[in-house]
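**Student:** Below is the file protein.cif, with mmCIF, C-alpha atoms.
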```cif
data_final
loop_
_atom_site.group_PDB
_atom_site.id
_atom_site.type_symbol
_atom_site.label_atom_id
_atom_site.label_comp_id
_atom_site.auth_asym_id
_atom_site.auth_seq_id
_atom_site.Cartn_x
_atom_site.Cartn_y
_atom_site.Cartn_z
ATOM 1 C CA MET A 73 32.436 123.550 128.047
ATOM 2 C CA LYS A 74 35.481 122.326 129.915
ATOM 3 C CA ARG A 75 35.196 119.013 128.102
ATOM 4 C CA LEU A 76 35.068 120.864 124.728
ATOM 5 C CA LEU A 77 38.144 122.946 125.559
ATOM 6 C CA PHE A 78 40.024 119.807 126.627
ATOM 7 C CA THR A 79 39.112 118.082 123.366
ATOM 8 C CA LEU A 80 40.273 121.071 121.275
ATOM 9 C CA LEU A 81 43.551 121.275 123.230
ATOM 10 C CA THR A 82 44.204 117.559 122.763
ATOM 11 C CA LEU A 83 43.509 117.806 119.003
ATOM 12 C CA THR A 84 45.842 120.816 118.684
ATOM 13 C CA LEU A 85 48.681 118.993 120.458
ATOM 14 C CA PHE A 86 48.172 115.920 118.262
ATOM 15 C CA LEU A 87 48.297 117.923 115.008
ATOM 16 C CA THR A 88 51.385 119.845 116.182
ATOM 17 C CA SER A 89 53.115 116.588 117.067
ATOM 18 C CA CYS A 90 52.350 115.085 113.645
ATOM 19 C CA LYS A 91 53.638 118.185 111.897
ATOM 20 C CA ASN A 92 56.897 118.117 113.856
ATOM 21 C CA GLN A 93 57.273 114.393 113.209
ATOM 22 C CA GLU A 94 56.780 115.016 109.459
ATOM 23 C CA LYS A 95 59.522 117.645 109.513
ATOM 24 C CA THR A 96 61.831 115.288 111.383
ATOM 25 C CA ASP A 97 61.209 112.428 108.931
ATOM 26 C CA THR A 98 61.787 114.741 105.972
ATOM 27 C CA ALA A 99 65.048 115.935 107.476
ATOM 28 C CA LYS A 100 66.201 112.338 107.846
ATOM 29 C CA VAL A 101 65.503 111.594 104.189
ATOM 30 C CA GLU A 102 67.195 114.717 102.902
ATOM 31 C CA LYS A 103 70.347 114.306 105.021
ATOM 32 C CA PRO A 104 73.240 113.485 102.666
ATOM 33 C CA ILE A 105 74.744 110.005 102.990
ATOM 34 C CA THR A 106 78.532 110.014 103.124
ATOM 35 C CA SER A 107 80.970 107.113 102.811
ATOM 36 C CA ALA A 108 84.742 106.703 102.840
ATOM 37 C CA VAL A 109 86.414 106.954 99.425
ATOM 38 C CA LYS A 110 88.515 103.886 98.708
ATOM 39 C CA ASN A 111 91.944 104.574 97.232
ATOM 40 C CA SER A 112 92.711 102.900 93.924
ATOM 41 C CA LEU A 113 96.022 101.962 92.333
ATOM 42 C CA GLU A 114 97.039 104.029 89.308
ATOM 43 C CA ILE A 115 99.380 102.303 86.843
ATOM 44 C CA ILE A 116 101.410 104.439 84.449
ATOM 45 C CA PRO A 117 103.531 102.603 81.864
ATOM 46 C CA ILE A 118 106.672 104.532 80.921
ATOM 47 C CA THR A 119 108.509 102.105 78.644
ATOM 48 C CA HIS A 120 109.527 98.427 78.490
ATOM 49 C CA ALA A 121 110.271 97.577 82.168
ATOM 50 C CA THR A 122 109.730 101.075 83.551
ATOM 51 C CA LEU A 123 106.493 102.063 85.276
ATOM 52 C CA VAL A 124 105.004 104.302 87.941
ATOM 53 C CA LEU A 125 102.507 103.179 90.571
ATOM 54 C CA ASN A 126 100.430 105.735 92.486
ATOM 55 C CA TYR A 127 98.378 104.843 95.554
ATOM 56 C CA ALA A 128 97.216 107.403 98.112
ATOM 57 C CA ASN A 129 100.410 109.204 99.216
ATOM 58 C CA GLU A 130 102.766 106.609 97.706
ATOM 59 C CA THR A 131 104.445 107.049 94.322
ATOM 60 C CA ILE A 132 106.607 104.114 93.270
ATOM 61 C CA TYR A 133 109.056 104.210 90.365
ATOM 62 C CA VAL A 134 109.980 100.751 89.056
ATOM 63 C CA ASP A 135 113.276 100.422 87.123
ATOM 64 C CA PRO A 136 113.398 104.099 86.140
ATOM 65 C CA THR A 137 115.068 104.644 82.761
ATOM 66 C CA GLY A 138 114.764 107.165 79.962
ATOM 67 C CA GLY A 139 116.131 110.238 81.699
ATOM 68 C CA LYS A 140 114.364 112.845 83.795
ATOM 69 C CA GLU A 141 112.163 113.775 80.826
ATOM 70 C CA ALA A 142 110.532 110.333 80.840
ATOM 71 C CA PHE A 143 108.964 111.243 84.201
ATOM 72 C CA GLU A 144 107.819 114.732 83.304
ATOM 73 C CA GLY A 145 104.482 115.412 84.980
ATOM 74 C CA GLN A 146 104.827 112.505 87.405
ATOM 75 C CA LYS A 147 104.742 112.905 91.174
ATOM 76 C CA GLN A 148 108.015 112.751 93.053
ATOM 77 C CA PRO A 149 108.744 109.187 94.126
ATOM 78 C CA THR A 150 108.433 107.967 97.681
ATOM 79 C CA LEU A 151 109.898 104.584 96.729
ATOM 80 C CA VAL A 152 112.157 103.452 93.869
ATOM 81 C CA LEU A 153 112.604 99.766 93.004
ATOM 82 C CA VAL A 154 115.457 98.467 90.851
ATOM 83 C CA THR A 155 115.426 94.816 89.826
ATOM 84 C CA ASP A 156 118.755 94.143 88.080
ATOM 85 C CA ILE A 157 122.022 95.531 86.682
ATOM 86 C CA HIS A 158 121.110 95.612 82.976
ATOM 87 C CA GLY A 159 120.616 98.974 81.320
ATOM 88 C CA ASP A 160 116.889 98.556 80.709
ATOM 89 C CA HIS A 161 116.427 98.270 84.495
ATOM 90 C CA PHE A 162 119.329 100.145 86.056
ATOM 91 C CA ASP A 163 120.139 103.541 84.540
ATOM 92 C CA ILE A 164 122.389 105.521 86.854
ATOM 93 C CA GLU A 165 122.044 108.725 84.832
ATOM 94 C CA THR A 166 118.267 108.631 85.166
ATOM 95 C CA LEU A 167 118.500 107.929 88.891
ATOM 96 C CA LYS A 168 120.914 110.820 89.387
ATOM 97 C CA ALA A 169 118.643 113.167 87.427
ATOM 98 C CA LEU A 170 115.513 112.374 89.439
ATOM 99 C CA ASP A 171 114.545 114.112 92.681
ATOM 100 C CA LEU A 172 114.943 111.312 95.216
ATOM 101 C CA LYS A 173 115.146 113.389 98.377
ATOM 102 C CA ASN A 174 111.881 111.924 99.702
ATOM 103 C CA ALA A 175 112.412 108.432 98.324
ATOM 104 C CA LEU A 176 113.898 105.196 99.555
ATOM 105 C CA LEU A 177 115.709 103.257 96.847
ATOM 106 C CA VAL A 178 115.405 99.454 97.095
ATOM 107 C CA ALA A 179 117.742 97.253 95.068
ATOM 108 C CA PRO A 180 119.809 94.056 95.222
ATOM 109 C CA GLN A 181 123.424 94.322 96.342
ATOM 110 C CA THR A 182 124.772 93.847 92.794
ATOM 111 C CA VAL A 183 122.981 97.022 91.738
ATOM 112 C CA VAL A 184 124.117 99.030 94.756
ATOM 113 C CA ASP A 185 127.713 97.937 94.120
ATOM 114 C CA LYS A 186 127.555 99.829 90.834
ATOM 115 C CA PHE A 187 126.554 103.165 92.382
ATOM 116 C CA PRO A 188 129.252 105.818 91.885
ATOM 117 C CA GLU A 189 130.726 107.647 94.867
ATOM 118 C CA ASP A 190 128.814 110.835 94.054
ATOM 119 C CA PHE A 191 125.424 109.083 94.180
ATOM 120 C CA LYS A 192 124.218 108.680 97.743
ATOM 121 C CA PRO A 193 120.445 108.242 97.911
ATOM 122 C CA THR A 194 118.729 106.609 100.860
ATOM 123 C CA ILE A 195 119.178 102.915 100.069
ATOM 124 C CA LYS A 196 117.815 99.635 101.343
ATOM 125 C CA VAL A 197 119.486 96.481 100.045
ATOM 126 C CA MET A 198 117.178 93.497 99.635
ATOM 127 C CA ALA A 199 118.113 89.947 98.677
ATOM 128 C CA ASN A 200 115.819 87.214 97.383
ATOM 129 C CA ASN A 201 113.085 86.363 99.910
ATOM 130 C CA ASP A 202 113.738 89.402 102.125
ATOM 131 C CA ILE A 203 110.638 91.218 103.380
ATOM 132 C CA ALA A 204 110.503 94.886 104.368
ATOM 133 C CA MET A 205 107.924 97.539 105.229
ATOM 134 C CA VAL A 206 108.512 100.913 103.585
ATOM 135 C CA ASN A 207 106.039 103.650 104.498
ATOM 136 C CA THR A 208 102.704 101.903 103.851
ATOM 137 C CA VAL A 209 104.050 99.356 101.344
ATOM 138 C CA THR A 210 105.165 95.830 102.201
ATOM 139 C CA ILE A 211 107.908 94.571 99.855
ATOM 140 C CA GLN A 212 108.964 90.986 99.333
ATOM 141 C CA ALA A 213 111.959 90.304 97.086
ATOM 142 C CA ILE A 214 111.248 87.377 94.738
ATOM 143 C CA PRO A 215 113.922 85.420 92.824
ATOM 144 C CA MET A 216 114.277 86.108 89.092
ATOM 145 C CA TYR A 217 116.543 84.005 86.883
ATOM 146 C CA ASN A 218 116.842 81.951 83.705
ATOM 147 C CA LEU A 219 116.170 78.223 83.355
ATOM 148 C CA ARG A 220 117.170 77.405 79.766
ATOM 149 C CA GLU A 221 120.791 76.312 79.403
ATOM 150 C CA GLU A 222 121.445 78.771 76.590
ATOM 151 C CA ALA A 223 120.056 81.655 78.669
ATOM 152 C CA LEU A 224 121.762 81.053 82.023
ATOM 153 C CA LYS A 225 124.356 83.703 81.170
ATOM 154 C CA PHE A 226 121.713 86.440 81.193
ATOM 155 C CA HIS A 227 120.276 86.246 84.709
ATOM 156 C CA ALA A 228 121.904 84.134 87.397
ATOM 157 C CA LYS A 229 119.805 83.041 90.355
ATOM 158 C CA GLY A 230 120.243 85.340 93.357
ATOM 159 C CA ARG A 231 121.566 88.357 91.463
ATOM 160 C CA GLY A 232 118.368 90.302 90.783
ATOM 161 C CA ASN A 233 114.976 90.734 92.422
ATOM 162 C CA GLY A 234 111.409 90.518 91.316
ATOM 163 C CA TYR A 235 109.062 92.101 93.858
ATOM 164 C CA VAL A 236 105.682 91.439 95.428
ATOM 165 C CA LEU A 237 104.221 94.646 96.830
ATOM 166 C CA THR A 238 101.294 94.792 99.210
ATOM 167 C CA ILE A 239 99.640 98.140 98.574
ATOM 168 C CA GLY A 240 96.368 98.796 100.347
ATOM 169 C CA GLU A 241 94.458 95.542 100.011
ATOM 170 C CA GLU A 242 96.191 94.388 96.815
ATOM 171 C CA ARG A 243 99.246 92.238 96.121
ATOM 172 C CA ILE A 244 101.224 93.368 93.070
ATOM 173 C CA TYR A 245 103.840 91.120 91.422
ATOM 174 C CA ILE A 246 106.614 92.624 89.299
ATOM 175 C CA SER A 247 108.538 89.822 87.633
ATOM 176 C CA GLY A 248 111.732 91.562 86.573
ATOM 177 C CA ASP A 249 113.787 89.496 84.089
ATOM 178 C CA THR A 250 112.923 85.867 84.625
ATOM 179 C CA GLU A 251 111.681 82.651 83.138
ATOM 180 C CA ASP A 252 108.764 80.611 84.463
ATOM 181 C CA ILE A 253 110.582 79.659 87.649
ATOM 182 C CA PRO A 254 109.003 77.622 90.476
ATOM 183 C CA GLU A 255 108.987 80.679 92.733
ATOM 184 C CA MET A 256 106.699 82.440 90.247
ATOM 185 C CA ARG A 257 104.397 79.455 89.766
ATOM 186 C CA GLN A 258 104.007 79.117 93.549
ATOM 187 C CA LEU A 259 102.841 82.691 94.151
ATOM 188 C CA THR A 260 99.438 83.054 95.804
ATOM 189 C CA SER A 261 96.760 85.718 96.143
ATOM 190 C CA ILE A 262 98.202 88.024 93.467
ATOM 191 C CA ASP A 263 95.826 90.754 92.330
ATOM 192 C CA LYS A 264 97.966 92.309 89.607
ATOM 193 C CA ALA A 265 100.983 90.759 87.889
ATOM 194 C CA PHE A 266 103.486 92.374 85.532
ATOM 195 C CA VAL A 267 105.020 89.485 83.591
ATOM 196 C CA CYS A 268 107.942 89.687 81.149
ATOM 197 C CA MET A 269 108.173 87.681 77.903
ATOM 198 C CA ASN A 270 110.974 88.345 75.451
ATOM 199 C CA LEU A 271 113.643 86.231 73.828
ATOM 200 C CA PRO A 272 116.427 85.444 74.218
ATOM 201 C CA TYR A 273 116.595 87.198 77.598
ATOM 202 C CA THR A 274 113.529 85.942 79.493
ATOM 203 C CA MET A 275 110.835 83.528 78.288
ATOM 204 C CA THR A 276 108.408 82.738 75.508
ATOM 205 C CA VAL A 277 104.763 83.780 75.573
ATOM 206 C CA GLU A 278 103.901 80.091 75.999
ATOM 207 C CA SER A 279 106.042 79.796 79.132
ATOM 208 C CA ALA A 280 104.671 83.059 80.509
ATOM 209 C CA ALA A 281 101.087 81.917 79.920
ATOM 210 C CA SER A 282 101.775 78.545 81.550
ATOM 211 C CA ALA A 283 103.175 80.212 84.678
ATOM 212 C CA VAL A 284 100.289 82.677 84.886
ATOM 213 C CA LEU A 285 97.805 79.805 84.667
ATOM 214 C CA ASP A 286 99.571 78.242 87.651
ATOM 215 C CA PHE A 287 99.569 81.220 90.020
ATOM 216 C CA LYS A 288 96.265 82.691 88.774
ATOM 217 C CA PRO A 289 96.509 86.454 89.297
ATOM 218 C CA LYS A 290 93.245 88.359 89.004
ATOM 219 C CA GLN A 291 94.828 90.633 86.394
ATOM 220 C CA VAL A 292 98.001 90.234 84.351
ATOM 221 C CA TYR A 293 99.838 92.960 82.458
ATOM 222 C CA PRO A 294 102.292 91.808 79.778
ATOM 223 C CA TYR A 295 105.356 94.056 79.975
ATOM 224 C CA HIS A 296 109.028 93.872 79.048
ATOM 225 C CA TYR A 297 108.205 92.091 75.770
ATOM 226 C CA ARG A 298 110.704 93.616 73.326
ATOM 227 C CA GLY A 299 113.443 91.202 72.325
ATOM 228 C CA THR A 300 116.103 90.949 69.638
ATOM 229 C CA GLU A 301 113.470 89.966 67.056
ATOM 230 C CA GLY A 302 111.034 92.752 67.909
ATOM 231 C CA LEU A 303 107.936 92.650 70.080
ATOM 232 C CA SER A 304 106.572 89.380 71.436
ATOM 233 C CA ASP A 305 103.059 88.272 70.469
ATOM 234 C CA VAL A 306 101.116 89.490 73.493
ATOM 235 C CA ALA A 307 97.813 88.843 71.715
ATOM 236 C CA LYS A 308 98.776 85.169 71.586
ATOM 237 C CA PHE A 309 99.624 85.318 75.285
ATOM 238 C CA LYS A 310 96.118 86.596 76.049
ATOM 239 C CA THR A 311 94.558 83.861 73.901
ATOM 240 C CA LEU A 312 96.548 81.137 75.658
ATOM 241 C CA VAL A 313 95.660 82.408 79.122
ATOM 242 C CA ASN A 314 91.962 82.954 78.506
ATOM 243 C CA ALA A 315 91.498 79.717 76.581
ATOM 244 C CA ASP A 316 92.300 77.904 79.816
ATOM 245 C CA ASN A 317 91.060 80.427 82.386
ATOM 246 C CA SER A 318 88.651 83.133 81.276
ATOM 247 C CA GLU A 319 88.576 84.670 84.770
ATOM 248 C CA ILE A 320 92.129 86.017 84.498
ATOM 249 C CA GLU A 321 91.923 89.490 83.005
ATOM 250 C CA VAL A 322 94.754 90.211 80.566
ATOM 251 C CA ILE A 323 95.325 93.959 80.275
ATOM 252 C CA GLN A 324 97.460 95.448 77.519
ATOM 253 C CA LEU A 325 99.056 98.819 78.221
ATOM 254 C CA ASP A 326 101.065 100.955 75.809
ATOM 255 C CA TRP A 327 104.677 100.203 76.719
ATOM 256 C CA TYR A 328 106.182 101.096 73.341
ATOM 257 C CA PRO A 329 104.546 104.291 72.079
ATOM 258 C CA LYS A 330 105.587 105.365 68.604
ATOM 259 C CA ASN A 331 107.554 108.619 68.620
#
```
Kindly present the structure from the file in structure tokens form.
**Tutor:**
Amino acid sequence: MKRLLFTLLTLTLFLTSCKNQEKTDTAKVEKPITSAVKNSLEIIPITHATLVLNYANETIYVDPTGGKEAFEGQKQPTLVLVTDIHGDHFDIETLKALDLKNALLVAPQTVVDKFPEDFKPTIKVMANNDIAMVNTVTIQAIPMYNLREEALKFHAKGRGNGYVLTIGEERIYISGDTEDIPEMRQLTSIDKAFVCMNLPYTMTVESAASAVLDFKPKQVYPYHYRGTEGLSDVAKFKTLVNADNSEIEVIQLDWYPKN
């Protein structure tokens, strides 16, 4: 009898243990799996050379023009980049109209020299090849200038800045007004590149494509492509790039919306 009771007790404990183990295993399966959400870069074309970049808590205005209304619905900037003194890059009335109280404005000295006395944002002057850390963004000022003899009057070397931004894990190149200069061709590890191409002020689509094929960004965005003869042939630019390197993604955004 004792042996029978011991057997029944052992069987009961075994079944109870299996039942509890089943519940535990089920709980493990049903437990939700969570993972960190990776921030992504949002690119908003405004017009011509003007764009907005959003990443996490950073909102970057590049060459803001078009008045306050051009940025309606956009987040307030944490960083403003100005590349050069020409009106399609430096618009003092737009800058004065924007809310820059939480923003640092980065520009070359020639731009800052043109600020009126009543405009006193927080400013950081950067010259070619300077490197700075602003909030969570690393900024490197890149030369931008003309090469062709007939175009040297437009953009002298050392006056304006292109920029390479390190945002999160990506390196973003903004060319500003330039031709296919050695400093562009020698860039490395660029994830996204905004490359100008308009005559007579910058370069041809052929020169832009040749430079892009040298520095091999993962993605390239044609921008600043309206010249005196209208819009440059960005479809041809894409064909030239991908005929030689199909791994470079050419992305066309709407920089010149019809009103």
**Student:** Which residue gives the smallest distance to Tyr245 in chain A among A:Gln181, A:Thr137, A:Gln291, A:Ser282, with all atoms listed in the file counted?
**Tutor:**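 Going through A:Gln181, A:Thr137, A:Gln291, A:Ser282 one by one, the smallest distance to Tyr245 in chain A is for A:Gln291.
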**Student:** Go ahead and fit an axis-aligned box to every listed atom of range 231-249 of chain A plus 3 Å each side, and pass me the centre and edge lengths in Å, one decimal, as lines of an AutoDock Vina configuration file.
**Tutor:**
```
center_x = 108.0
center_y = 93.6
center_z = 92.2
size_x = 33.1
size_y = 16.4
size_z = 22.3
```
**Student:** Run the PyMOL selection byres ((chain A and resi 279) around 12) against the file shown and list the residues it catches, as a ChimeraX atom specification.
**Tutor:** /A:218-220,250-254,256-257,267-271,274-278,280-286,308-309,312-313
**Student:** Using all atoms listed in the file, which protein or nucleic acid residues come within 12 Å of Met205 in chain A? Drop anything in the same chain fewer than 2 positions from it, and give the result as a list of chain:residue names.
**Tutor:**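 Final neighbour list, sorted by chain and number: A:Leu151, A:Leu176, A:Val178, A:Lys196, A:Met198, A:Asp202, A:Ile203, A:Asn207, A:Thr208, A:Val209, A:Thr210, A:Ile211, A:Gln212, A:Ala213, A:Val236, A:Leu237, A:Thr238, A:Ile239.
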**Student:** Mind writing the picked residues with C-alpha atoms as a compact mmCIF listing (two decimals), in the frame of the given file?
**Tutor:**
```txt
# COMPACT_ATOMS: atom_id res chain seq x y z
CA LEU A 151 109.90 104.58 96.73
CA LEU A 176 113.90 105.20 99.56
CA VAL A 178 115.40 99.45 97.10
CA LYS A 196 117.82 99.64 101.34
CA MET A 198 117.18 93.50 99.64
CA ASP A 202 113.74 89.40 102.12
CA ILE A 203 110.64 91.22 103.38
CA ASN A 207 106.04 103.65 104.50
CA THR A 208 102.70 101.90 103.85
CA VAL A 209 104.05 99.36 101.34
CA THR A 210 105.16 95.83 102.20
CA ILE A 211 107.91 94.57 99.86
CA GLN A 212 108.96 90.99 99.33
CA ALA A 213 111.96 90.30 97.09
CA VAL A 236 105.68 91.44 95.43
CA LEU A 237 104.22 94.65 96.83
CA THR A 238 101.29 94.79 99.21
CA ILE A 239 99.64 98.14 98.57
```
**Student:** Looking at A:Leu325, A:Leu153, A:Ala142, A:Val183, which one is nearest to Thr166 in chain A, with distances taken over only C-alpha atoms?
**Tutor:**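 Checking each candidate against Thr166 in chain A, we get A:Ala142 as the closest.
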**Student:** How many Å separate CA of Asp156 in chain A from CA of Leu113 in chain A?
**Tutor:**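 Interatomic distance, CA of Asp156 in chain A to CA of Leu113 in chain A: 24.4 Å.
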**Student:** Quick one: distance from CA of His296 in chain A to CA of Gly138 in chain A in Å, one decimal?
**Tutor:**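 Taking CA of His296 in chain A and CA of Gly138 in chain A, their separation equals 14.5 Å.
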**Student:** I want to know what sits within 9 Å of Leu172 in chain A, based on only C-alpha atoms, with residues of the same chain fewer than 5 positions away left out; could you give that as a ChimeraX atom specification?
**Tutor:** /A:148-152,167,177,193-194
**Student:** Need to verify the contact set: range 319-323 of chain A, 6 Å, all atoms listed in the file, exclusion of same-chain residues closer than 2 positions in sequence. Can you return it as a VMD selection string?
**Tutor:** chain A and resid 290 to 293 310 317
**Student:** Counting only C-alpha atoms, what is within 7 Å of Asp135 in chain A, bar same-chain residues fewer than 2 positions away, as a count of residues only?
**Tutor:** 9
**Student:** Give as a PDB file with C-alpha atoms, in the coordinates of the input every residue, naming chains and numbers as the document does, that has an atom within 6 Å of (105.6, 103.8, 77.0), counting all atoms listed in the file.
**Tutor:**
```
ATOM      1  CA  PRO A 117     103.531 102.603  81.864  1.00  0.00           C
ATOM      2  CA  ILE A 118     106.672 104.532  80.921  1.00  0.00           C
ATOM      3  CA  THR A 119     108.509 102.105  78.644  1.00  0.00           C
ATOM      4  CA  ASP A 326     101.065 100.955  75.809  1.00  0.00           C
ATOM      5  CA  TRP A 327     104.677 100.203  76.719  1.00  0.00           C
ATOM      6  CA  TYR A 328     106.182 101.096  73.341  1.00  0.00           C
ATOM      7  CA  PRO A 329     104.546 104.291  72.079  1.00  0.00           C
TER       8      PRO A 329
END
```
